[in-house]
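Dropping start_4.txt in here (compact mmCIF, C-alpha atoms):
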```txt
# COMPACT_ATOMS: atom_id res chain seq x y z
CA MET M 23 147.13 125.76 98.76
CA GLU M 24 148.81 123.87 95.97
CA GLN M 25 146.54 121.70 93.83
CA GLN M 26 148.34 118.40 94.57
CA ALA M 27 148.29 119.08 98.32
CA PHE M 28 144.55 119.78 98.05
CA LEU M 29 143.95 116.52 96.14
CA ASP M 30 145.98 114.59 98.73
CA THR M 31 143.94 116.18 101.55
CA LEU M 32 140.64 115.27 99.89
CA LYS M 33 141.73 111.66 99.50
CA ALA M 34 142.97 111.43 103.10
CA GLU M 35 139.68 112.89 104.38
CA GLY M 36 137.50 110.48 102.38
CA TYR M 37 136.15 112.84 99.72
CA ALA M 38 135.21 111.56 96.27
CA ASP M 39 137.34 112.61 93.29
CA PRO M 40 136.76 116.34 92.82
CA VAL M 41 134.67 117.89 90.08
CA ARG M 42 135.68 121.06 88.28
CA VAL M 43 133.16 123.90 88.53
CA ARG M 44 133.16 127.07 86.43
CA ARG M 45 130.80 129.98 87.01
CA GLU M 46 130.18 133.00 84.78
CA PRO M 47 131.52 136.51 85.53
CA ASN M 48 129.37 138.55 87.90
CA GLY M 49 126.90 135.66 88.24
CA SER M 50 125.21 134.35 91.35
CA LEU M 51 123.20 131.50 92.82
CA ALA M 52 120.28 132.27 95.13
CA ASP M 53 119.85 130.67 98.56
CA HIS M 54 120.34 126.90 98.39
CA ALA M 55 121.98 123.96 100.18
CA HIS M 56 123.73 120.79 99.02
CA PRO M 57 122.95 117.23 100.19
CA PHE M 58 126.72 116.70 100.63
CA GLU M 59 129.69 118.25 102.39
CA ALA M 60 131.96 120.21 100.04
CA LYS M 61 135.58 121.32 100.19
CA ALA M 62 136.81 123.37 97.25
CA LEU M 63 140.07 124.87 95.99
CA ILE M 64 139.79 128.08 93.98
CA LEU M 65 141.83 127.80 90.80
CA ALA M 66 141.03 131.22 89.31
CA GLY M 67 138.67 134.13 89.84
CA GLU M 68 136.66 134.91 92.94
CA ILE M 69 133.64 133.55 94.81
CA ARG M 70 131.73 135.16 97.66
CA ILE M 71 129.93 132.73 99.96
CA HIS M 72 127.06 134.23 101.96
CA ALA M 73 126.34 131.93 104.92
CA GLY M 74 125.44 132.30 108.58
CA GLY M 75 125.11 136.07 108.32
CA GLU M 76 128.67 136.44 106.97
CA ILE M 77 130.17 137.02 103.54
CA LYS M 78 133.54 135.41 102.89
CA ILE M 79 135.58 136.03 99.75
CA TYR M 80 137.78 133.29 98.28
CA ARG M 81 140.39 133.75 95.55
CA ALA M 82 142.95 131.58 93.74
CA GLY M 83 144.71 129.28 96.21
CA ASP M 84 142.02 129.61 98.89
CA VAL M 85 139.96 126.66 100.13
CA PHE M 86 136.36 126.87 101.28
CA HIS M 87 134.29 124.32 103.15
CA LEU M 88 130.50 123.93 103.30
CA ARG M 89 128.72 121.50 105.61
CA ARG M 90 126.03 119.17 104.29
CA ASP M 91 122.69 121.04 104.02
CA GLU M 92 124.30 124.38 104.99
CA PRO M 93 122.12 127.20 103.60
CA HIS M 94 124.15 129.68 101.54
CA ARG M 95 124.21 131.78 98.42
CA GLU M 96 127.07 132.51 96.07
CA SER M 97 128.22 135.38 93.90
CA TYR M 98 131.18 135.56 91.53
CA GLY M 99 133.74 138.21 90.63
CA PRO M 100 134.26 140.00 87.31
CA GLU M 101 136.30 137.04 85.99
CA GLY M 102 133.85 134.43 87.28
CA VAL M 103 135.31 131.55 89.26
CA ASP M 104 136.92 128.20 88.49
CA TYR M 105 137.35 125.65 91.29
CA LEU M 106 137.79 121.98 92.20
CA SER M 107 135.13 120.67 94.58
CA GLY M 108 135.45 117.48 96.59
CA ARG M 109 132.20 116.08 97.96
CA ARG M 110 131.33 113.56 100.66
```
Just give me the structure of the file as structure tokens.
Amino acid sequence: MEQQAFLDTLKAEGYADPVRVRREPNGSLADHAHPFEAKALILAGEIRIHAGGEIKIYRAGDVFHLRRDEPHRESYGPEGVDYLSGRR
């Protein structure tokens, strides 16, 4: 997805202005959940989201969505990951 189209979608769906998130190469975050719903556009790198017994891989141009309080863990590719995250 193009960045402007993503920003337009966030606005139309009532998300706050996105924040930019950068994670280190080959890093990870243990099991956790967020007190908000998140929709994110990958700008560069790779993130693996482990949730609901599945692992999904997202790369540049992909969008991922996490529900409020959805338990998950994250791991990042050899280049880390850089993404825009809208929250509501």
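Counting only C-alpha atoms, segment 46-53 of chain M has the following residues at most 8 Å away, ignoring those fewer than 5 positions along the same chain: M:Pro93, M:His94, M:Arg95, M:Glu96, M:Ser97, M:Tyr98, M:Gly99, M:Pro100, M:Glu101, M:Gly102, M:Val103.
For the pair atom CA of Gln26 of chain M and atom CA of Pro57 of chain M, the separation is 26.0 Å.
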Item checked: Which of M:Lys33, M:Arg70, M:Arg45, M:His56 sits closest to Phe86 of chain M [using all atoms listed in the file] ->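 Closest candidate: M:Arg70.
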Note to self: My list of candidates is M:Ala55, M:Leu63, M:Leu32, M:Ala27. Which is closest to Tyr105 of chain M when distances are computed with all atoms listed in the file?
What the structure shows: M:Leu63
Note to self: Need the shell around Arg109 of chain M: protein/DNA/RNA residues with any atom at most 7 Å away, counting all atoms listed in the file. Skip same-chain ones fewer than 5 positions apart. Format as a list in words?
What the structure shows: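 The contact residues come out as Tyr37, Ala38, Pro40, Phe58, Glu59, Ala60 and Lys61 of chain M.
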Item checked: Residue contacts of segment 78-81 of chain M (6 Å, only C-alpha atoms) excluding same-chain residues fewer than 5 positions away, as a ChimeraX atom specification -> /M:64,67-71
Item checked: Gap from atom CA of Gly75 of chain M to atom CA of Arg42 of chain M - Å, one decimal -> 27.2 Å
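Coordinates place atom CA of Gly36 of chain M at a distance of 24.8 Å from atom CA of Ala66 of chain M.
Residue nearest Asp91 of chain M within the list M:Ala62, M:Ala73, M:Val43, M:Leu29: M:Ala73 [criterion: smallest interatomic distance, all atoms listed in the file].
Proximity of M:Gly108, M:His54, M:Leu65, M:Arg89 to Ala34 of chain M, computed with all atoms listed in the file, is greatest for M:Gly108.
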Around all of segment 67-74 of chain M's listed atoms, make the axis-aligned box with 4 Å on each side and tell me centre and edge lengths in Å to one decimal, as JSON.
```
{"center_x": 132.1, "center_y": 133.5, "center_z": 99.2, "size_x": 21.2, "size_y": 11.2, "size_z": 26.7}
```
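Closest approach to Glu24 of chain M among M:Ile77, M:Asp84, M:Arg44, M:Ser107 is made by M:Asp84 (distances from only C-alpha atoms).
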Segment 54-102 of chain M from the block above: C-alpha atoms written as a CSV table (one decimal), in the first residue's frame:
```csv
chain,number,residue,atom,x,y,z
M,54,HIS,CA,2.5,-8.6,25.3
M,55,ALA,CA,-0.7,-6.7,24.3
M,56,HIS,CA,-1.6,-3.1,23.7
M,57,PRO,CA,-4.5,-1.1,25.3
M,58,PHE,CA,-5.3,0.2,21.8
M,59,GLU,CA,-6.1,-1.1,18.3
M,60,ALA,CA,-3.2,-0.7,15.9
M,61,LYS,CA,-3.0,-0.6,12.1
M,62,ALA,CA,0.5,-0.3,10.7
M,63,LEU,CA,2.2,0.1,7.3
M,64,ILE,CA,5.7,-1.4,6.9
M,65,LEU,CA,8.1,1.1,5.4
M,66,ALA,CA,11.2,-1.0,5.4
M,67,GLY,CA,12.5,-4.3,6.8
M,68,GLU,CA,10.5,-7.2,8.1
M,69,ILE,CA,8.3,-8.0,11.2
M,70,ARG,CA,6.9,-11.4,12.2
M,71,ILE,CA,3.8,-11.2,14.4
M,72,HIS,CA,3.1,-14.3,16.4
M,73,ALA,CA,-0.6,-14.3,17.4
M,74,GLY,CA,-3.4,-16.8,17.8
M,75,GLY,CA,-1.1,-19.7,17.1
M,76,GLU,CA,0.0,-18.3,13.7
M,77,ILE,CA,3.1,-16.4,12.5
M,78,LYS,CA,2.6,-13.8,9.8
M,79,ILE,CA,5.4,-12.0,8.1
M,80,TYR,CA,5.0,-8.4,6.9
M,81,ARG,CA,7.4,-6.6,4.6
M,82,ALA,CA,7.6,-3.1,3.0
M,83,GLY,CA,4.2,-2.1,1.6
M,84,ASP,CA,2.3,-4.6,3.8
M,85,VAL,CA,-0.2,-3.5,6.4
M,86,PHE,CA,-0.9,-5.4,9.7
M,87,HIS,CA,-3.7,-5.0,12.1
M,88,LEU,CA,-3.9,-5.9,15.8
M,89,ARG,CA,-7.0,-5.7,18.0
M,90,ARG,CA,-7.0,-3.9,21.3
M,91,ASP,CA,-5.6,-6.3,24.0
M,92,GLU,CA,-4.7,-8.9,21.4
M,93,PRO,CA,-1.8,-11.1,22.9
M,94,HIS,CA,1.1,-11.3,20.5
M,95,ARG,CA,4.9,-11.3,20.3
M,96,GLU,CA,7.1,-9.8,17.6
M,97,SER,CA,10.4,-10.5,16.0
M,98,TYR,CA,12.3,-8.5,13.4
M,99,GLY,CA,14.4,-9.4,10.3
M,100,PRO,CA,18.1,-8.9,9.7
M,101,GLU,CA,17.4,-5.2,8.7
M,102,GLY,CA,15.1,-4.6,11.6
```
